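*Asks:* File query_36.tsv follows (TSV, N, CA and C atoms and all ligand atoms):
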chain	number	residue	atom	x	y	z
A	1	MET	N	3.03	20.50	-6.17
A	1	MET	CA	2.60	19.13	-5.82
A	1	MET	C	1.08	19.04	-5.67
A	2	LYS	N	0.43	20.18	-5.72
A	2	LYS	CA	-1.02	20.19	-5.49
A	2	LYS	C	-1.81	19.28	-6.45
A	3	PRO	N	-1.51	19.36	-7.76
A	3	PRO	CA	-2.32	18.52	-8.66
A	3	PRO	C	-2.22	17.04	-8.31
A	4	ILE	N	-1.04	16.59	-7.92
A	4	ILE	CA	-0.87	15.18	-7.57
A	4	ILE	C	-1.66	14.85	-6.32
A	5	LYS	N	-1.62	15.76	-5.37
A	5	LYS	CA	-2.38	15.53	-4.14
A	5	LYS	C	-3.87	15.42	-4.45
A	6	ASP	N	-4.35	16.33	-5.29
A	6	ASP	CA	-5.76	16.28	-5.68
A	6	ASP	C	-6.09	14.97	-6.37
A	7	MET	N	-5.15	14.54	-7.19
A	7	MET	CA	-5.33	13.29	-7.92
A	7	MET	C	-5.44	12.11	-6.95
A	8	LEU	N	-4.55	12.12	-5.97
A	8	LEU	CA	-4.55	11.04	-4.98
A	8	LEU	C	-5.84	11.06	-4.16
A	9	LEU	N	-6.26	12.26	-3.78
A	9	LEU	CA	-7.49	12.37	-3.01
A	9	LEU	C	-8.69	11.90	-3.82
A	10	LYS	N	-8.63	12.19	-5.10
A	10	LYS	CA	-9.73	11.77	-5.97
A	10	LYS	C	-9.73	10.24	-6.11
A	11	MET	N	-8.53	9.68	-6.26
A	11	MET	CA	-8.42	8.23	-6.38
A	11	MET	C	-8.97	7.54	-5.13
A	12	ARG	N	-8.61	8.14	-3.98
A	12	ARG	CA	-9.05	7.59	-2.71
A	12	ARG	C	-10.57	7.67	-2.62
A	13	HIS	N	-11.08	8.83	-3.00
A	13	HIS	CA	-12.51	9.06	-2.97
A	13	HIS	C	-13.25	8.06	-3.88
A	14	ASP	N	-12.73	7.91	-5.09
A	14	ASP	CA	-13.37	6.99	-6.04
A	14	ASP	C	-13.36	5.57	-5.53
A	15	LEU	N	-12.23	5.18	-4.99
A	15	LEU	CA	-12.08	3.83	-4.46
A	15	LEU	C	-13.07	3.58	-3.33
A	16	VAL	N	-13.11	4.56	-2.42
A	16	VAL	CA	-13.98	4.45	-1.26
A	16	VAL	C	-15.44	4.36	-1.68
A	17	HIS	N	-15.79	5.15	-2.68
A	17	HIS	CA	-17.19	5.14	-3.07
A	17	HIS	C	-17.58	3.93	-3.89
A	18	GLU	N	-16.60	3.36	-4.53
A	18	GLU	CA	-16.83	2.11	-5.24
A	18	GLU	C	-17.15	1.02	-4.20
A	19	ILE	N	-16.38	1.03	-3.13
A	19	ILE	CA	-16.60	0.06	-2.05
A	19	ILE	C	-17.95	0.33	-1.40
A	20	ALA	N	-18.24	1.59	-1.21
A	20	ALA	CA	-19.50	1.97	-0.58
A	20	ALA	C	-20.70	1.47	-1.39
A	21	ARG	N	-20.59	1.64	-2.71
A	21	ARG	CA	-21.67	1.19	-3.57
A	21	ARG	C	-21.88	-0.31	-3.43
A	22	ARG	N	-20.78	-1.02	-3.40
A	22	ARG	CA	-20.85	-2.47	-3.34
A	22	ARG	C	-21.40	-2.95	-2.02
A	23	SER	N	-21.09	-2.21	-0.96
A	23	SER	CA	-21.49	-2.68	0.36
A	23	SER	C	-22.88	-2.19	0.75
A	24	LYS	N	-23.47	-1.36	-0.08
A	24	LYS	CA	-24.82	-0.83	0.22
A	24	LYS	C	-25.80	-1.96	0.48
A	25	ALA	N	-25.68	-2.99	-0.31
A	25	ALA	CA	-26.60	-4.11	-0.21
A	25	ALA	C	-26.49	-4.82	1.13
A	26	THR	N	-25.30	-4.77	1.72
A	26	THR	CA	-25.09	-5.54	2.94
A	26	THR	C	-25.25	-4.70	4.21
A	27	THR	N	-25.19	-3.38	4.06
A	27	THR	CA	-25.34	-2.56	5.26
A	27	THR	C	-26.80	-2.25	5.52
A	28	GLU	N	-27.13	-2.15	6.77
A	28	GLU	CA	-28.51	-1.88	7.14
A	28	GLU	C	-28.88	-0.45	6.78
A	29	PRO	N	-30.14	-0.24	6.44
A	29	PRO	CA	-30.55	1.13	6.14
A	29	PRO	C	-30.39	1.99	7.39
A	30	GLY	N	-29.93	3.20	7.18
A	30	GLY	CA	-29.74	4.08	8.32
A	30	GLY	C	-28.35	3.98	8.93
A	31	ALA	N	-27.64	2.93	8.56
A	31	ALA	CA	-26.28	2.79	9.06
A	31	ALA	C	-25.42	3.87	8.44
A	32	GLN	N	-24.36	4.22	9.12
A	32	GLN	CA	-23.48	5.27	8.63
A	32	GLN	C	-22.92	4.87	7.26
A	33	ASP	N	-22.95	5.80	6.36
A	33	ASP	CA	-22.46	5.51	5.02
A	33	ASP	C	-20.99	5.13	5.07
A	34	ILE	N	-20.72	4.01	4.46
A	34	ILE	CA	-19.36	3.48	4.52
A	34	ILE	C	-18.37	4.44	3.85
A	35	GLY	N	-18.86	5.16	2.87
A	35	GLY	CA	-18.00	6.13	2.20
A	35	GLY	C	-17.54	7.21	3.16
A	36	ASP	N	-18.45	7.64	4.04
A	36	ASP	CA	-18.09	8.66	5.02
A	36	ASP	C	-17.08	8.12	6.02
A	37	ILE	N	-17.27	6.85	6.37
A	37	ILE	CA	-16.34	6.24	7.33
A	37	ILE	C	-14.94	6.20	6.71
A	38	LEU	N	-14.90	5.73	5.48
A	38	LEU	CA	-13.60	5.57	4.83
A	38	LEU	C	-12.96	6.91	4.45
A	39	ASP	N	-13.81	7.89	4.22
A	39	ASP	CA	-13.28	9.19	3.85
A	39	ASP	C	-12.51	9.84	5.00
A	40	SER	N	-12.90	9.49	6.21
A	40	SER	CA	-12.14	10.00	7.34
A	40	SER	C	-10.95	9.07	7.54
A	41	VAL	N	-9.78	9.62	7.29
A	41	VAL	CA	-8.58	8.79	7.31
A	41	VAL	C	-8.29	8.30	8.72
A	42	SER	N	-8.42	7.03	8.89
A	42	SER	CA	-8.09	6.44	10.18
A	42	SER	C	-7.70	5.00	9.98
A	43	GLU	N	-6.52	4.70	10.40
A	43	GLU	CA	-6.00	3.36	10.21
A	43	GLU	C	-6.86	2.32	10.91
A	44	GLU	N	-7.30	2.71	12.09
A	44	GLU	CA	-8.08	1.77	12.87
A	44	GLU	C	-9.37	1.40	12.16
A	45	ARG	N	-9.97	2.43	11.61
A	45	ARG	CA	-11.24	2.18	10.92
A	45	ARG	C	-11.01	1.37	9.66
A	46	THR	N	-9.91	1.65	8.99
A	46	THR	CA	-9.61	0.88	7.80
A	46	THR	C	-9.50	-0.59	8.16
A	47	ARG	N	-8.94	-0.84	9.34
A	47	ARG	CA	-8.80	-2.22	9.77
A	47	ARG	C	-10.15	-2.85	10.05
A	48	GLU	N	-11.05	-2.04	10.62
A	48	GLU	CA	-12.39	-2.54	10.89
A	48	GLU	C	-13.09	-2.98	9.61
A	49	LEU	N	-12.68	-2.36	8.53
A	49	LEU	CA	-13.36	-2.63	7.27
A	49	LEU	C	-12.68	-3.72	6.47
A	50	ASP	N	-11.79	-4.40	7.13
A	50	ASP	CA	-11.08	-5.50	6.49
A	50	ASP	C	-11.99	-6.50	5.80
A	51	MET	N	-13.15	-6.70	6.40
A	51	MET	CA	-14.08	-7.69	5.86
A	51	MET	C	-14.63	-7.28	4.51
A	52	ILE	N	-14.76	-5.99	4.31
A	52	ILE	CA	-15.39	-5.51	3.09
A	52	ILE	C	-14.37	-5.32	1.98
A	53	LEU	N	-13.20	-4.90	2.37
A	53	LEU	CA	-12.19	-4.59	1.37
A	53	LEU	C	-11.49	-5.85	0.87
A	54	THR	N	-11.26	-5.89	-0.40
A	54	THR	CA	-10.45	-6.98	-0.92
A	54	THR	C	-8.98	-6.61	-0.68
A	55	ASP	N	-8.12	-7.59	-0.78
A	55	ASP	CA	-6.69	-7.33	-0.55
A	55	ASP	C	-6.18	-6.26	-1.49
A	56	ARG	N	-6.67	-6.31	-2.71
A	56	ARG	CA	-6.22	-5.37	-3.72
A	56	ARG	C	-6.62	-3.94	-3.33
A	57	GLU	N	-7.86	-3.81	-2.87
A	57	GLU	CA	-8.36	-2.49	-2.47
A	57	GLU	C	-7.62	-1.98	-1.24
A	58	LYS	N	-7.38	-2.89	-0.32
A	58	LYS	CA	-6.66	-2.52	0.90
A	58	LYS	C	-5.28	-1.99	0.54
A	59	ARG	N	-4.61	-2.71	-0.35
A	59	ARG	CA	-3.26	-2.33	-0.73
A	59	ARG	C	-3.26	-0.96	-1.40
A	60	LYS	N	-4.27	-0.78	-2.26
A	60	LYS	CA	-4.34	0.48	-2.98
A	60	LYS	C	-4.60	1.63	-2.03
A	61	LEU	N	-5.51	1.41	-1.11
A	61	LEU	CA	-5.83	2.43	-0.13
A	61	LEU	C	-4.60	2.79	0.70
A	62	LEU	N	-3.87	1.78	1.10
A	62	LEU	CA	-2.65	2.01	1.87
A	62	LEU	C	-1.62	2.79	1.07
A	63	GLN	N	-1.51	2.43	-0.20
A	63	GLN	CA	-0.54	3.12	-1.06
A	63	GLN	C	-0.90	4.58	-1.23
A	64	ILE	N	-2.20	4.83	-1.38
A	64	ILE	CA	-2.65	6.21	-1.55
A	64	ILE	C	-2.40	6.99	-0.26
A	65	ASP	N	-2.77	6.40	0.88
A	65	ASP	CA	-2.54	7.08	2.15
A	65	ASP	C	-1.06	7.33	2.39
A	66	ASP	N	-0.27	6.37	2.00
A	66	ASP	CA	1.17	6.47	2.15
A	66	ASP	C	1.71	7.63	1.32
A	67	ALA	N	1.23	7.73	0.09
A	67	ALA	CA	1.67	8.81	-0.79
A	67	ALA	C	1.25	10.16	-0.21
A	68	LEU	N	0.04	10.22	0.32
A	68	LEU	CA	-0.44	11.47	0.93
A	68	LEU	C	0.43	11.85	2.13
A	69	ASP	N	0.82	10.84	2.90
A	69	ASP	CA	1.73	11.09	4.03
A	69	ASP	C	3.05	11.67	3.56
A	70	ARG	N	3.52	11.12	2.46
A	70	ARG	CA	4.82	11.57	1.96
A	70	ARG	C	4.74	12.99	1.40
A	71	ILE	N	3.58	13.34	0.88
A	71	ILE	CA	3.40	14.73	0.42
A	71	ILE	C	3.49	15.65	1.64
A	72	GLU	N	2.86	15.25	2.73
A	72	GLU	CA	2.90	16.03	3.96
A	72	GLU	C	4.34	16.16	4.48
A	73	ASP	N	5.07	15.08	4.36
A	73	ASP	CA	6.45	15.06	4.87
A	73	ASP	C	7.46	15.67	3.90
A	74	ASN	N	6.96	16.07	2.74
A	74	ASN	CA	7.85	16.60	1.71
A	74	ASN	C	8.88	15.59	1.21
A	75	THR	N	8.56	14.33	1.31
A	75	THR	CA	9.46	13.33	0.77
A	75	THR	C	8.86	12.71	-0.49
A	76	TYR	N	7.72	13.24	-0.87
A	76	TYR	CA	7.03	12.70	-2.03
A	76	TYR	C	7.83	12.94	-3.30
A	77	GLY	N	7.81	11.93	-4.17
A	77	GLY	CA	8.48	12.09	-5.46
A	77	GLY	C	9.95	11.69	-5.43
A	78	GLN	N	10.38	11.18	-4.28
A	78	GLN	CA	11.75	10.70	-4.19
A	78	GLN	C	11.73	9.19	-4.08
A	79	CYS	N	12.67	8.58	-4.76
A	79	CYS	CA	12.77	7.13	-4.67
A	79	CYS	C	13.22	6.75	-3.26
A	80	GLU	N	12.49	5.84	-2.63
A	80	GLU	CA	12.82	5.45	-1.27
A	80	GLU	C	14.11	4.66	-1.20
A	81	GLU	N	14.47	4.11	-2.33
A	81	GLU	CA	15.64	3.24	-2.37
A	81	GLU	C	16.92	4.05	-2.60
A	82	CYS	N	16.93	4.81	-3.67
A	82	CYS	CA	18.17	5.49	-4.04
A	82	CYS	C	18.08	7.01	-3.90
A	83	GLY	N	16.90	7.52	-3.57
A	83	GLY	CA	16.76	8.95	-3.31
A	83	GLY	C	16.67	9.83	-4.54
A	84	VAL	N	16.68	9.19	-5.69
A	84	VAL	CA	16.62	9.94	-6.94
A	84	VAL	C	15.22	10.51	-7.12
A	85	LYS	N	15.09	11.60	-7.83
A	85	LYS	CA	13.77	12.17	-8.08
A	85	LYS	C	13.01	11.32	-9.09
A	86	ILE	N	11.83	10.91	-8.72
A	86	ILE	CA	11.03	10.10	-9.63
A	86	ILE	C	10.47	11.03	-10.70
A	87	PRO	N	10.66	10.67	-11.97
A	87	PRO	CA	10.18	11.55	-13.05
A	87	PRO	C	8.69	11.82	-12.93
A	88	ARG	N	8.35	13.06	-13.21
A	88	ARG	CA	6.96	13.48	-13.08
A	88	ARG	C	6.02	12.68	-13.96
A	89	ALA	N	6.53	12.29	-15.12
A	89	ALA	CA	5.70	11.51	-16.03
A	89	ALA	C	5.28	10.20	-15.38
A	90	ARG	N	6.20	9.62	-14.61
A	90	ARG	CA	5.91	8.36	-13.93
A	90	ARG	C	4.89	8.59	-12.81
A	91	LEU	N	5.04	9.70	-12.12
A	91	LEU	CA	4.11	10.00	-11.02
A	91	LEU	C	2.70	10.27	-11.52
A	92	LYS	N	2.64	10.78	-12.73
A	92	LYS	CA	1.31	11.05	-13.30
A	92	LYS	C	0.58	9.75	-13.57
A	93	VAL	N	1.34	8.75	-14.01
A	93	VAL	CA	0.74	7.45	-14.31
A	93	VAL	C	0.52	6.67	-13.02
A	94	LEU	N	1.50	6.80	-12.13
A	94	LEU	CA	1.48	6.02	-10.89
A	94	LEU	C	1.74	6.97	-9.72
A	95	PRO	N	0.72	7.72	-9.32
A	95	PRO	CA	0.95	8.79	-8.33
A	95	PRO	C	1.44	8.28	-6.99
A	96	PHE	N	1.23	7.00	-6.70
A	96	PHE	CA	1.71	6.52	-5.40
A	96	PHE	C	3.00	5.72	-5.53
A	97	ALA	N	3.70	5.91	-6.64
A	97	ALA	CA	4.98	5.22	-6.82
A	97	ALA	C	5.97	5.64	-5.75
A	98	LYS	N	6.62	4.66	-5.17
A	98	LYS	CA	7.59	4.91	-4.11
A	98	LYS	C	9.02	4.85	-4.63
A	99	PHE	N	9.17	4.17	-5.74
A	99	PHE	CA	10.51	3.93	-6.26
A	99	PHE	C	10.63	4.42	-7.69
A	100	CYS	N	11.85	4.70	-8.10
A	100	CYS	CA	12.09	5.00	-9.50
A	100	CYS	C	11.96	3.69	-10.28
A	101	VAL	N	11.88	3.80	-11.57
A	101	VAL	CA	11.65	2.61	-12.40
A	101	VAL	C	12.71	1.54	-12.13
A	102	GLU	N	13.95	2.00	-12.05
A	102	GLU	CA	15.04	1.04	-11.86
A	102	GLU	C	14.91	0.26	-10.56
A	103	CYS	N	14.66	0.97	-9.48
A	103	CYS	CA	14.56	0.31	-8.18
A	103	CYS	C	13.31	-0.56	-8.12
A	104	GLN	N	12.25	-0.08	-8.72
A	104	GLN	CA	11.01	-0.85	-8.75
A	104	GLN	C	11.24	-2.21	-9.42
A	105	GLU	N	11.92	-2.15	-10.54
A	105	GLU	CA	12.18	-3.39	-11.28
A	105	GLU	C	13.11	-4.30	-10.48
A	106	LYS	N	14.07	-3.69	-9.86
A	106	LYS	CA	15.01	-4.46	-9.05
A	106	LYS	C	14.26	-5.14	-7.90
A	107	ASN	N	13.40	-4.38	-7.25
A	107	ASN	CA	12.64	-4.94	-6.13
A	107	ASN	C	11.74	-6.08	-6.57
A	108	GLU	N	11.12	-5.89	-7.71
A	108	GLU	CA	10.22	-6.93	-8.19
A	108	GLU	C	10.98	-8.21	-8.51
A	109	ARG	N	12.15	-8.03	-9.07
A	109	ARG	CA	12.98	-9.20	-9.37
A	109	ARG	C	13.39	-9.91	-8.09
A	110	GLU	N	13.78	-9.12	-7.10
A	110	GLU	CA	14.24	-9.72	-5.85
A	110	GLU	C	13.10	-10.39	-5.11
A	111	GLU	N	11.93	-9.77	-5.19
A	111	GLU	CA	10.78	-10.32	-4.50
A	111	GLU	C	10.48	-11.74	-4.95
A	112	LYS	N	10.69	-11.96	-6.23
A	112	LYS	CA	10.43	-13.27	-6.79
A	112	LYS	C	11.29	-14.34	-6.12
A	113	TYR	N	12.50	-13.94	-5.79
A	113	TYR	CA	13.44	-14.91	-5.24
A	113	TYR	C	13.42	-15.01	-3.73
A	114	THR	N	12.89	-13.97	-3.09
A	114	THR	CA	12.94	-13.97	-1.63
A	114	THR	C	11.58	-14.24	-1.02
A	115	ARG	N	10.63	-14.63	-1.84
A	115	ARG	CA	9.30	-14.85	-1.32
A	115	ARG	C	9.31	-15.98	-0.28
A	116	GLU	N	10.12	-17.00	-0.56
A	116	GLU	CA	10.24	-18.10	0.38
A	116	GLU	C	11.12	-17.68	1.54
A	117	GLU	N	10.71	-18.01	2.73
A	117	GLU	CA	11.52	-17.72	3.91
A	117	GLU	C	12.85	-18.46	3.79
A	118	PRO	N	13.90	-17.76	4.08
A	118	PRO	CA	15.18	-18.47	4.04
A	118	PRO	C	15.22	-19.52	5.14
A	119	GLU	N	15.87	-20.60	4.83
A	119	GLU	CA	15.95	-21.67	5.83
A	119	GLU	C	16.73	-21.18	7.03
A	120	GLU	N	16.17	-21.48	8.17
A	120	GLU	CA	16.79	-20.98	9.38
A	120	GLU	C	17.35	-22.12	10.21
A	121	GLY	N	18.27	-21.79	11.00
A	121	GLY	CA	18.77	-22.72	12.00
A	121	GLY	C	19.45	-23.95	11.44
A	122	ILE	N	20.05	-23.80	10.30
A	122	ILE	CA	20.79	-24.95	9.80
A	122	ILE	C	22.13	-24.98	10.52
A	123	ARG	N	22.28	-25.93	11.37
A	123	ARG	CA	23.54	-26.05	12.09
A	123	ARG	C	24.24	-27.31	11.65
A	124	LYS	N	25.48	-27.15	11.48
A	124	LYS	CA	26.23	-28.32	11.03
A	124	LYS	C	26.64	-29.15	12.26
A	125	VAL	N	25.73	-30.03	12.61
A	125	VAL	CA	26.03	-30.92	13.72
A	125	VAL	C	26.47	-32.25	13.13
A	126	PRO	N	27.66	-32.65	13.45
A	126	PRO	CA	28.13	-33.91	12.88
A	126	PRO	C	27.21	-35.06	13.26
A	127	MET	N	27.01	-35.93	12.32
A	127	MET	CA	26.16	-37.09	12.55
A	127	MET	C	26.61	-37.84	13.80
A	128	GLY	N	25.63	-38.24	14.54
A	128	GLY	CA	25.97	-39.06	15.70
A	128	GLY	C	26.28	-38.25	16.93
A	129	GLU	N	26.46	-36.97	16.75
A	129	GLU	CA	26.79	-36.16	17.91
A	129	GLU	C	25.51	-35.49	18.41
A	130	VAL	N	25.14	-35.66	19.61
A	130	VAL	CA	23.92	-35.09	20.15
A	130	VAL	C	24.27	-33.86	20.99
A	131	GLU	N	23.49	-32.83	20.78
A	131	GLU	CA	23.76	-31.62	21.55
A	131	GLU	C	23.38	-31.79	23.00
A	132	GLU	N	24.13	-31.21	23.87
A	132	GLU	CA	23.95	-31.19	25.33
A	132	GLU	C	24.27	-32.52	25.97
B	201	ZN	ZN	15.62	4.37	-7.15
Mind converting the file's structure to structure tokens?

*Replies:*
Amino acid sequence: MKPIKDMLLKMRHDLVHEIARRSKATTEPGAQDIGDILDSVSEERTRELDMILTDREKRKLLQIDDALDRIEDNTYGQCEECGVKIPRARLKVLPFAKFCVECQEKNEREEKYTREEPEEGIRKVPMGEVEE
């Protein structure tokens, strides 16, 4: 699993430094390099940097950290949904994939339909009848 871990760490590093480059203009000289801050894995700090990170970057960073956690837990490479081993070819393309192709597609399909909150509290109270 080492090559994948290295790959994830590199992705994280690249992402962080891309953000660092972009934020150079806005940070004061002498301030701690944002890349160093982000390189130290800390959820709290990541939250502090919410202002700088775009949603897309935040999501990616979370996915990478999540994958690294799963490597530590030895659950990496397993589909979270059905437990099947995610093919290595897929992990090479998408190292932070959590699901096998089938479950991923299923989830994406379902997400489309469940994005709206289901209507809550529909009670069939007959017309004219007041509660209490
Ligand atoms: Zn699956």

*Asks:* To check your reading of the model: which residues sit at most 7 Å from ligand ZN 201 (chain B) when counting all atoms listed in the file? Write the answer as a count of residues only.

*Replies:* 13

*Asks:* Find, counting all atoms listed in the file, the residue in A:Ile86, A:Ala97, A:Ile64, A:Ile71 that gets nearest to Leu8 of chain A.

*Replies:*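 Comparing A:Ile86, A:Ala97, A:Ile64, A:Ile71 against Leu8 of chain A, the winner is A:Ile64.
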
*Asks:* With distances taken over all atoms listed in the file, which of A:Arg88, A:Arg12, A:Ile4, A:Ala20 is nearest to Asp65 of chain A?

*Replies:*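 Between A:Arg88, A:Arg12, A:Ile4, A:Ala20, the residue approaching Asp65 of chain A most closely is A:Arg12.
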
*Asks:* Could you tell me which of A:Asn74, A:Ile19, A:Met11, A:Arg109 comes closest to Leu61 of chain A if we count all atoms listed in the file?

*Replies:*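 Ranked by minimum distance to Leu61 of chain A, first place goes to A:Met11.
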
*Asks:* What separation in Å, quoted to one decimal, exists between atom C of Leu15 of chain A and atom C of Lys60 of chain A?

*Replies:*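 Pair atom C of Leu15 of chain A / atom C of Lys60 of chain A returns 8.8 Å.
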
*Asks:* Using all atoms listed in the file, which of A:Glu108, A:Phe96, A:Tyr113, A:Asp6 sits nearest Asp66 of chain A?

*Replies:*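 Nearest candidate to Asp66 of chain A out of A:Glu108, A:Phe96, A:Tyr113, A:Asp6: A:Phe96.
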
*Asks:* What is the distance between atom C of Lys92 of chain A and atom CA of Arg70 of chain A, in Å to one decimal?

*Replies:* 16.2 Å
